[in-house]
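Novice: Sharing query.csv, CSV, C-alpha atoms:
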chain,number,residue,atom,x,y,z
A,1,MET,CA,221.0,-33.7,-168.6
A,2,LEU,CA,218.8,-30.7,-169.1
A,3,SER,CA,219.8,-30.4,-172.7
A,4,ALA,CA,218.7,-34.0,-173.3
A,5,TYR,CA,215.2,-33.0,-172.1
A,6,LYS,CA,215.3,-29.9,-174.3
A,7,LYS,CA,216.0,-32.1,-177.3
A,8,ILE,CA,213.1,-34.4,-176.4
A,9,PHE,CA,210.9,-31.4,-176.0
A,10,LEU,CA,211.9,-30.1,-179.5
A,11,ILE,CA,211.1,-33.5,-181.0
A,12,LEU,CA,207.7,-33.4,-179.3
A,13,VAL,CA,207.0,-30.0,-180.8
A,14,LEU,CA,207.9,-31.3,-184.2
A,15,LEU,CA,205.7,-34.3,-183.8
A,16,VAL,CA,202.8,-32.1,-182.8
A,17,ALA,CA,203.4,-29.9,-185.9
A,18,LEU,CA,203.4,-33.1,-188.0
A,19,LEU,CA,200.1,-34.2,-186.7
A,20,PHE,CA,198.6,-30.7,-187.1
A,21,SER,CA,196.7,-31.5,-190.3
A,22,SER,CA,195.1,-34.8,-189.3
A,23,SER,CA,191.3,-34.9,-189.6
A,24,ASN,CA,188.8,-35.1,-186.9
A,25,ALA,CA,188.7,-38.5,-185.3
A,26,TYR,CA,187.8,-40.5,-182.1
A,27,ALA,CA,189.7,-43.1,-180.2
A,28,MET,CA,188.5,-45.2,-177.4
A,29,HIS,CA,187.7,-48.8,-176.6
A,30,ILE,CA,185.3,-50.6,-178.8
A,31,MET,CA,181.7,-49.7,-177.8
A,32,GLU,CA,179.0,-52.0,-176.6
A,33,GLY,CA,177.3,-53.9,-179.4
A,34,PHE,CA,179.8,-52.7,-182.0
A,35,LEU,CA,181.5,-56.0,-182.6
A,36,PRO,CA,179.7,-58.9,-184.2
A,37,LEU,CA,179.0,-61.8,-181.8
A,38,LYS,CA,181.5,-64.0,-183.6
A,39,TRP,CA,184.4,-61.6,-182.9
A,40,CYS,CA,183.3,-61.0,-179.3
A,41,LEU,CA,183.6,-64.7,-178.7
A,42,VAL,CA,186.9,-65.1,-180.6
A,43,TRP,CA,188.6,-62.3,-178.5
A,44,ALA,CA,187.1,-63.5,-175.3
A,45,ILE,CA,188.4,-67.0,-175.8
A,46,ILE,CA,191.9,-65.7,-176.8
A,47,THR,CA,192.0,-63.5,-173.7
A,48,LEU,CA,190.9,-66.1,-171.2
A,49,PRO,CA,194.2,-68.0,-170.8
A,50,PHE,CA,196.0,-64.7,-170.1
A,51,ILE,CA,193.6,-63.9,-167.3
A,52,ILE,CA,194.1,-67.4,-165.8
A,53,PHE,CA,197.9,-67.1,-166.0
A,54,GLY,CA,197.6,-63.6,-164.6
A,55,LEU,CA,195.7,-64.8,-161.6
A,56,LEU,CA,198.2,-67.5,-161.0
A,57,SER,CA,201.1,-65.1,-161.4
A,58,LEU,CA,199.5,-62.6,-159.0
A,59,ASN,CA,199.0,-65.3,-156.5
A,60,LYS,CA,202.6,-66.3,-156.7
A,61,THR,CA,203.9,-62.7,-156.5
A,62,VAL,CA,201.8,-62.0,-153.4
A,63,LYS,CA,202.9,-65.2,-151.8
A,64,ASN,CA,206.6,-64.9,-152.5
A,65,HIS,CA,206.8,-61.2,-151.9
A,66,PRO,CA,204.0,-60.1,-149.6
A,67,GLU,CA,205.7,-56.8,-149.0
A,68,THR,CA,205.0,-55.9,-152.6
A,69,LYS,CA,201.2,-55.8,-152.1
A,70,MET,CA,201.2,-52.0,-151.8
A,71,LEU,CA,203.2,-51.7,-155.0
A,72,LEU,CA,200.6,-53.9,-156.7
A,73,GLY,CA,197.9,-51.5,-155.4
A,74,LEU,CA,199.9,-48.7,-156.9
A,75,ALA,CA,200.1,-50.4,-160.3
A,76,GLY,CA,196.3,-50.8,-160.2
A,77,ALA,CA,195.7,-47.2,-159.1
A,78,PHE,CA,198.0,-45.9,-161.9
A,79,THR,CA,195.9,-47.7,-164.5
A,80,PHE,CA,192.7,-46.5,-162.8
A,81,VAL,CA,193.8,-42.8,-162.9
A,82,LEU,CA,195.2,-42.8,-166.4
A,83,SER,CA,192.3,-44.6,-168.1
A,84,ALA,CA,189.9,-42.1,-166.5
A,85,LEU,CA,191.6,-39.1,-168.0
A,86,LYS,CA,190.3,-38.3,-171.4
A,87,ILE,CA,192.9,-36.0,-172.9
A,88,PRO,CA,192.6,-33.8,-175.9
A,89,SER,CA,194.8,-34.8,-178.8
A,90,VAL,CA,196.2,-32.9,-181.9
A,91,THR,CA,193.6,-34.6,-184.1
A,92,GLY,CA,190.9,-32.5,-182.4
A,93,SER,CA,189.4,-35.4,-180.5
A,94,CYS,CA,190.0,-37.1,-177.1
A,95,SER,CA,191.3,-40.4,-176.0
A,96,HIS,CA,192.7,-41.8,-172.8
A,97,PRO,CA,196.0,-43.5,-171.9
A,98,THR,CA,196.0,-47.0,-170.5
A,99,GLY,CA,198.5,-46.9,-167.7
A,100,VAL,CA,199.3,-50.6,-168.0
A,101,GLY,CA,203.0,-50.2,-168.8
A,102,LEU,CA,204.1,-49.5,-165.2
A,103,GLY,CA,202.4,-52.6,-163.8
A,104,ALA,CA,203.7,-54.7,-166.6
A,105,ILE,CA,207.3,-53.7,-165.8
A,106,LEU,CA,206.8,-54.2,-162.1
A,107,PHE,CA,204.8,-57.4,-162.0
A,108,GLY,CA,205.0,-58.9,-165.5
A,109,PRO,CA,202.5,-58.8,-168.4
A,110,THR,CA,199.8,-61.3,-167.3
A,111,ALA,CA,199.4,-59.7,-163.9
A,112,MET,CA,198.3,-56.5,-165.7
A,113,SER,CA,195.8,-58.5,-167.8
A,114,VAL,CA,193.9,-59.1,-164.6
A,115,LEU,CA,194.2,-55.4,-163.3
A,116,GLY,CA,193.3,-54.1,-166.8
A,117,LEU,CA,190.3,-56.4,-166.9
A,118,ILE,CA,189.0,-55.0,-163.6
A,119,VAL,CA,189.3,-51.4,-164.9
A,120,LEU,CA,187.5,-52.3,-168.1
A,121,ILE,CA,184.7,-54.0,-166.2
A,122,PHE,CA,184.3,-50.9,-164.0
A,123,GLN,CA,184.1,-48.6,-167.1
A,124,ALA,CA,181.8,-50.9,-169.0
A,125,LEU,CA,179.3,-51.3,-166.2
A,126,LEU,CA,179.4,-47.8,-164.6
A,127,LEU,CA,180.4,-45.5,-167.4
A,128,ALA,CA,178.9,-47.1,-170.5
A,129,HIS,CA,182.5,-46.9,-171.8
A,130,GLY,CA,183.6,-49.9,-173.7
A,131,GLY,CA,181.2,-52.8,-173.1
A,132,ILE,CA,180.4,-56.2,-171.7
A,133,THR,CA,180.1,-57.8,-175.1
A,134,THR,CA,183.3,-56.2,-176.3
A,135,LEU,CA,185.1,-56.9,-173.0
A,136,GLY,CA,187.2,-59.7,-174.5
A,137,ALA,CA,188.4,-57.6,-177.4
A,138,ASN,CA,189.1,-54.6,-175.2
A,139,THR,CA,190.9,-56.7,-172.6
A,140,PHE,CA,193.0,-58.2,-175.3
A,141,SER,CA,194.2,-54.9,-176.7
A,142,MET,CA,194.6,-53.0,-173.5
A,143,ALA,CA,195.5,-55.7,-171.0
A,144,VAL,CA,197.2,-58.3,-173.0
A,145,VAL,CA,199.0,-56.7,-176.0
A,146,GLY,CA,199.8,-53.4,-174.2
A,147,PRO,CA,201.4,-55.1,-171.2
A,148,PHE,CA,203.3,-57.6,-173.3
A,149,VAL,CA,204.7,-54.9,-175.5
A,150,ALA,CA,205.7,-52.8,-172.5
A,151,TYR,CA,207.3,-55.8,-170.7
A,152,GLY,CA,209.1,-56.9,-173.9
A,153,ILE,CA,210.5,-53.5,-174.6
A,154,TYR,CA,211.6,-53.0,-171.0
A,155,LYS,CA,213.4,-56.3,-171.0
A,156,LEU,CA,215.0,-55.6,-174.3
A,157,GLY,CA,216.1,-52.2,-173.1
A,158,GLN,CA,217.8,-53.8,-170.1
A,159,ARG,CA,219.5,-56.3,-172.2
A,160,LEU,CA,220.8,-53.6,-174.5
A,161,ASN,CA,222.0,-51.6,-171.4
A,162,SER,CA,219.9,-48.6,-172.4
A,163,PRO,CA,219.4,-46.0,-169.7
A,164,LEU,CA,216.6,-46.9,-167.3
A,165,TRP,CA,214.5,-43.8,-168.1
A,166,LEU,CA,214.6,-44.6,-171.8
A,167,SER,CA,213.5,-48.2,-171.3
A,168,VAL,CA,210.6,-47.1,-169.0
A,169,PHE,CA,209.5,-44.4,-171.4
A,170,LEU,CA,209.5,-46.6,-174.5
A,171,ALA,CA,207.9,-49.5,-172.7
A,172,ALA,CA,205.0,-47.4,-171.5
A,173,ALA,CA,204.5,-45.3,-174.6
A,174,LEU,CA,204.7,-48.1,-177.1
A,175,GLY,CA,202.5,-50.3,-174.9
A,176,ASP,CA,199.9,-47.6,-175.0
A,177,LEU,CA,200.2,-47.0,-178.7
A,178,LEU,CA,200.1,-50.6,-179.7
A,179,THR,CA,196.9,-51.1,-177.7
A,180,TYR,CA,195.1,-48.8,-180.1
A,181,VAL,CA,196.7,-50.3,-183.1
A,182,VAL,CA,195.3,-53.6,-182.0
A,183,THR,CA,191.9,-52.0,-181.5
A,184,ALA,CA,192.1,-50.8,-185.1
A,185,LEU,CA,193.0,-54.3,-186.2
A,186,GLN,CA,190.1,-55.8,-184.3
A,187,LEU,CA,187.6,-53.4,-185.9
A,188,ALA,CA,189.2,-53.9,-189.4
A,189,LEU,CA,188.8,-57.7,-189.1
A,190,ALA,CA,185.2,-57.3,-188.1
A,191,PHE,CA,184.4,-54.6,-190.6
A,192,PRO,CA,186.5,-55.0,-193.8
A,193,ALA,CA,185.8,-52.2,-196.2
A,194,GLU,CA,183.6,-53.0,-199.2
A,195,ILE,CA,186.3,-51.7,-201.5
A,196,GLY,CA,189.8,-52.7,-200.4
A,197,GLY,CA,188.7,-55.1,-197.8
A,198,PHE,CA,190.7,-55.6,-194.6
A,199,THR,CA,193.7,-53.5,-195.6
A,200,ALA,CA,191.7,-50.4,-196.5
A,201,SER,CA,189.7,-50.7,-193.3
A,202,PHE,CA,192.8,-51.2,-191.2
A,203,ALA,CA,194.4,-48.2,-192.7
A,204,LYS,CA,191.3,-46.1,-191.9
A,205,PHE,CA,190.9,-47.3,-188.3
A,206,THR,CA,194.6,-47.0,-187.6
A,207,GLY,CA,194.5,-43.5,-188.9
A,208,ILE,CA,191.9,-42.5,-186.4
A,209,PHE,CA,192.9,-44.6,-183.4
A,210,ALA,CA,196.7,-44.6,-183.5
A,211,VAL,CA,197.3,-41.1,-184.7
A,212,THR,CA,195.1,-39.6,-181.9
A,213,GLN,CA,197.0,-41.8,-179.4
A,214,ILE,CA,200.5,-40.6,-180.3
A,215,PRO,CA,200.7,-37.5,-178.0
A,216,LEU,CA,198.9,-39.4,-175.3
A,217,ALA,CA,201.3,-42.3,-175.5
A,218,ILE,CA,204.1,-39.8,-175.1
A,219,SER,CA,202.3,-38.3,-172.0
A,220,GLU,CA,201.9,-41.8,-170.6
A,221,GLY,CA,205.6,-42.5,-171.1
A,222,LEU,CA,206.6,-39.3,-169.3
A,223,LEU,CA,204.2,-39.9,-166.4
A,224,THR,CA,205.5,-43.5,-166.0
A,225,ILE,CA,209.0,-42.1,-165.8
A,226,ILE,CA,207.9,-39.7,-163.0
A,227,ILE,CA,206.4,-42.5,-160.9
A,228,PHE,CA,209.3,-44.8,-161.6
A,229,ASN,CA,211.7,-42.1,-160.5
A,230,LEU,CA,209.8,-41.8,-157.2
A,231,LEU,CA,209.7,-45.6,-156.8
A,232,THR,CA,213.5,-45.9,-157.2
A,233,ILE,CA,213.9,-43.4,-154.4
A,234,TYR,CA,211.3,-44.7,-151.9
A,235,ASN,CA,210.9,-48.4,-152.9
A,236,LYS,CA,214.3,-49.5,-153.8
A,237,GLN,CA,214.0,-52.7,-151.7
A,238,GLU,CA,210.8,-53.8,-153.4
A,239,LEU,CA,212.1,-53.1,-156.8
A,240,GLN,CA,215.2,-55.2,-156.1
A,241,GLU,CA,213.1,-57.9,-154.6
A,242,LEU,CA,211.1,-58.1,-157.9
A,243,ALA,CA,214.4,-58.0,-159.8
A,244,ILE,CA,213.2,-55.0,-161.8
A,245,ILE,CA,216.3,-53.0,-161.3
A,246,SER,CA,219.8,-54.2,-160.6
A,247,PRO,CA,222.0,-52.6,-158.0
A,248,LYS,CA,224.1,-51.0,-160.8
A,249,ASP,CA,221.1,-48.9,-161.8
A,250,ILE,CA,221.0,-47.3,-158.4
A,251,SER,CA,223.1,-44.5,-157.1
A,252,ARG,CA,222.9,-43.1,-153.6
A,253,LYS,CA,220.2,-40.6,-154.4
A,254,GLY,CA,218.0,-43.0,-156.4
A,255,ALA,CA,218.1,-44.5,-159.8
A,256,LYS,CA,220.4,-43.2,-162.5
A,257,ILE,CA,217.6,-41.7,-164.5
B,1,MET,CA,215.5,-35.9,-159.3
B,2,ARG,CA,212.7,-33.5,-158.2
B,3,ARG,CA,213.7,-31.0,-160.8
B,4,LYS,CA,213.6,-33.6,-163.6
B,5,ASN,CA,210.2,-34.8,-162.5
B,6,ILE,CA,208.9,-31.2,-162.5
B,7,ILE,CA,210.2,-30.7,-166.1
B,8,LEU,CA,208.6,-34.0,-167.2
B,9,PHE,CA,205.3,-32.9,-165.6
B,10,ILE,CA,205.4,-29.6,-167.4
B,11,ILE,CA,206.0,-31.3,-170.7
B,12,VAL,CA,202.9,-33.5,-170.0
B,13,ILE,CA,200.8,-30.4,-169.3
B,14,MET,CA,202.0,-28.8,-172.5
B,15,LEU,CA,201.1,-31.9,-174.5
B,16,VAL,CA,197.6,-31.5,-173.1
B,17,ILE,CA,197.3,-27.8,-173.7
B,18,ILE,CA,198.9,-27.6,-177.2
B,19,PRO,CA,196.1,-29.5,-179.0
B,20,LEU,CA,193.5,-27.2,-177.4
B,21,TRP,CA,195.5,-24.2,-178.7
B,22,VAL,CA,196.4,-25.6,-182.1
B,23,LYS,CA,193.0,-27.0,-182.9
B,24,GLY,CA,191.0,-24.2,-181.2
B,25,ASN,CA,187.7,-24.9,-183.0
B,26,ALA,CA,187.7,-28.7,-183.0
B,27,GLU,CA,185.0,-30.6,-181.1
B,28,PHE,CA,187.3,-32.7,-178.9
B,29,SER,CA,184.4,-35.1,-178.8
B,30,GLY,CA,186.0,-38.5,-178.5
B,31,ALA,CA,182.4,-39.3,-179.3
B,32,ASP,CA,181.2,-42.8,-179.7
B,33,GLY,CA,178.8,-41.3,-182.2
B,34,GLN,CA,181.7,-40.7,-184.6
B,35,ALA,CA,182.7,-44.4,-184.3
B,36,LYS,CA,179.3,-45.4,-185.6
B,37,VAL,CA,179.8,-43.2,-188.6
B,38,VAL,CA,183.1,-44.9,-189.5
B,39,ILE,CA,181.6,-48.4,-189.0
B,40,THR,CA,178.5,-47.6,-191.0
B,41,GLN,CA,180.8,-46.4,-193.8
B,42,MET,CA,182.5,-49.8,-193.9
B,43,GLN,CA,179.4,-51.8,-193.5
B,44,PRO,CA,176.2,-49.8,-194.1
B,45,ASP,CA,173.8,-52.6,-192.9
B,46,TYR,CA,175.5,-53.3,-189.5
B,47,LYS,CA,173.2,-53.0,-186.5
B,48,PRO,CA,174.6,-52.9,-183.0
B,49,TRP,CA,173.2,-56.0,-181.3
B,50,PHE,CA,173.6,-55.1,-177.7
B,51,SER,CA,173.4,-51.8,-175.8
B,52,SER,CA,174.9,-50.9,-172.4
B,53,LEU,CA,173.2,-52.4,-169.4
B,54,TRP,CA,173.2,-49.0,-167.7
B,55,LYS,CA,174.2,-45.6,-169.0
B,56,PRO,CA,175.0,-42.5,-166.9
B,57,PRO,CA,171.8,-40.4,-167.2
B,58,SER,CA,173.7,-37.3,-168.4
B,59,GLY,CA,177.1,-36.1,-169.4
B,60,GLU,CA,177.5,-34.5,-165.9
B,61,ILE,CA,176.9,-37.8,-164.2
B,62,GLU,CA,179.3,-39.4,-166.6
B,63,SER,CA,182.1,-36.9,-165.7
B,64,LEU,CA,181.3,-37.4,-162.1
B,65,LEU,CA,182.0,-41.1,-162.4
B,66,PHE,CA,185.1,-40.5,-164.4
B,67,ALA,CA,186.3,-38.0,-161.8
B,68,LEU,CA,185.6,-40.4,-159.1
B,69,GLN,CA,187.6,-43.1,-160.9
B,70,ALA,CA,190.6,-40.7,-161.2
B,71,ALA,CA,190.2,-39.5,-157.6
B,72,ILE,CA,190.2,-43.0,-156.2
B,73,GLY,CA,193.4,-43.9,-158.1
B,74,ALA,CA,195.1,-40.6,-157.4
B,75,GLY,CA,194.2,-40.9,-153.7
B,76,PHE,CA,195.8,-44.2,-153.5
B,77,ILE,CA,198.9,-43.1,-155.3
B,78,GLY,CA,199.3,-40.1,-152.9
B,79,TYR,CA,198.8,-42.4,-149.9
B,80,PHE,CA,201.3,-44.8,-151.2
B,81,LEU,CA,204.0,-42.2,-151.9
B,82,GLY,CA,203.4,-40.5,-148.5
B,83,CYS,CA,203.7,-43.8,-146.7
B,84,PHE,CA,207.0,-44.8,-148.2
B,85,LYS,CA,208.4,-41.3,-148.1
B,86,SER,CA,207.8,-41.1,-144.3
B,87,LYS,CA,209.1,-44.6,-143.9
B,88,LYS,CA,212.3,-43.7,-145.6
B,89,GLU,CA,212.7,-40.5,-143.7
B,90,THR,CA,212.0,-41.8,-140.3
B,91,LYS,CA,214.4,-44.8,-140.8
B,92,PRO,CA,217.2,-44.6,-138.2
Can you present the structure in this file as structure tokens?

Specialist:
Amino acid sequence: MLSAYKKIFLILVLLVALLFSSSNAYAMHIMEGFLPLKWCLVWAIITLPFIIFGLLSLNKTVKNHPETKMLLGLAGAFTFVLSALKIPSVTGSCSHPTGVGLGAILFGPTAMSVLGLIVLIFQALLLAHGGITTLGANTFSMAVVGPFVAYGIYKLGQRLNSPLWLSVFLAAALGDLLTYVVTALQLALAFPAEIGGFTASFAKFTGIFAVTQIPLAISEGLLTIIIFNLLTIYNKQELQELAIISPKDISRKGAKI
Amino acid sequence: MRRKNIILFIIVIMLVIIPLWVKGNAEFSGADGQAKVVITQMQPDYKPWFSSLWKPPSGEIESLLFALQAAIGAGFIGYFLGCFKSKKETKP
């Protein structure tokens, strides 16, 4: 097993070397006031149904499985920690992971839309990070697209019988990465380049957002595996209750990870 | 399991350290200021139409609040894992 991790490590080193030459960039949520009113409204309206479904879904989960409340708290806490950590990236700038993958796997994507929204409101009001006007757009990228990608990939991995750790890693990492691709998309739609229009703009924004995010997405994937490992040891019952892992995934000492 | 988790954690730490080492003289700003530059490049006459209701008065206060956010989350995660670890271990 160790050699598999060594291989992964080598791939990571190669990736880092690849990104070496990228130029200076930034990557975060869309800042307050930096999205025209029209787009603020569009994204807010698109996001709203996900929040409503999320509240209903959370309600149902808590009612049907009251013993999973603590686990729900953990999913929220995980997002809270990860989105507070601004981590240096190989592009020479900083960004932060989103941490929504774990909760999406555990409680489904719309539940994370609600938790993600709470984190974003906290950061917009207290940290001047993101914004109230851009809340809809940021919630859509981080708390709708991210969790849906993570959830979809996890389910796909399960269907294809991929090892649990791989499904968890890809779900969390790609959910994180796609969040920032969507941020780039949102900015490109609002600010098409004068020459080249949307495509040129999207290429530029993707270059700065997504590239910075790659090593962070890998970190998030790895951290999610760590937490998931621990959950499969100590919270086997809850995981089975939520039908996240099947008995075949579990050996005596925890999950086959 | 524990050993695997430790290895994973070391990889995460290296992923954080490597950029600092490779890009030794970069700014690592993550600055919102740079965002403005890119947007103004795309549309020179765009003016931000809203500004934050409240801004942390200084970079120090801002990191205080970010640290607080991480601490609250990490505190809960620690509590959670401790709870369930002891529950499992004290089970007859």

Novice: Pick out the residues sitting within 12 Å of Cys83 (chain B), and hand them over as an MDAnalysis selection string; count all atoms listed in the file, and ignore anything fewer than 4 positions along from it in its own chain.

Specialist: (chainID A and resid 70:71 74 231 234:235) or (chainID B and resid 76:79 87:90)

Novice: Calculate how many Å separate CA of Asp176 (chain A) from CA of Ala44 (chain A), rounding to one decimal.

Specialist: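 A separation of 20.4 Å between them.
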
Novice: Would you write out, as a tab-separated table, a table of all residues in region 42-65 of chain B that have an atom no more than 12 Å from an atom of region 81-92 of chain A, listing for each the closest atom pair and the distance in Å to one decimal, considering all atoms listed in the file and ordering rows by chain and rising residue number?

Specialist:
residue	atom	partner	partner_atom	distance
B:Glu62	CA	A:Ala84	CA	10.9
B:Ser63	CA	A:Ala84	CA	9.4
B:Leu64	CA	A:Ala84	CA	10.7
B:Leu65	CA	A:Ala84	CA	9.0

Novice: Check every residue of chain B for an atom within 6 Å of chain A, counting all atoms listed in the file, and provide those that qualify as a PyMOL selection string.

Specialist: chain B and resi 5+12+19+23+26+28-30+42+48-52+55+66+70+73+77+84-85

Novice: With 8 Å added on each side, what axis-aligned box encloses every listed atom of region 147-156 of chain A? Give the centre and edge lengths in Å to one decimal, as lines of an AutoDock Vina configuration file.

Specialist:
center_x = 208.2
center_y = -55.2
center_z = -173.1
size_x = 29.6
size_y = 20.8
size_z = 20.8

Novice: Counting all atoms listed in the file, what is within 8 Å of Thr224 (chain A), bar same-chain residues fewer than 6 positions away, as a PyMOL selection string?

Specialist: chain A and resi 99+101-102+168-169+172
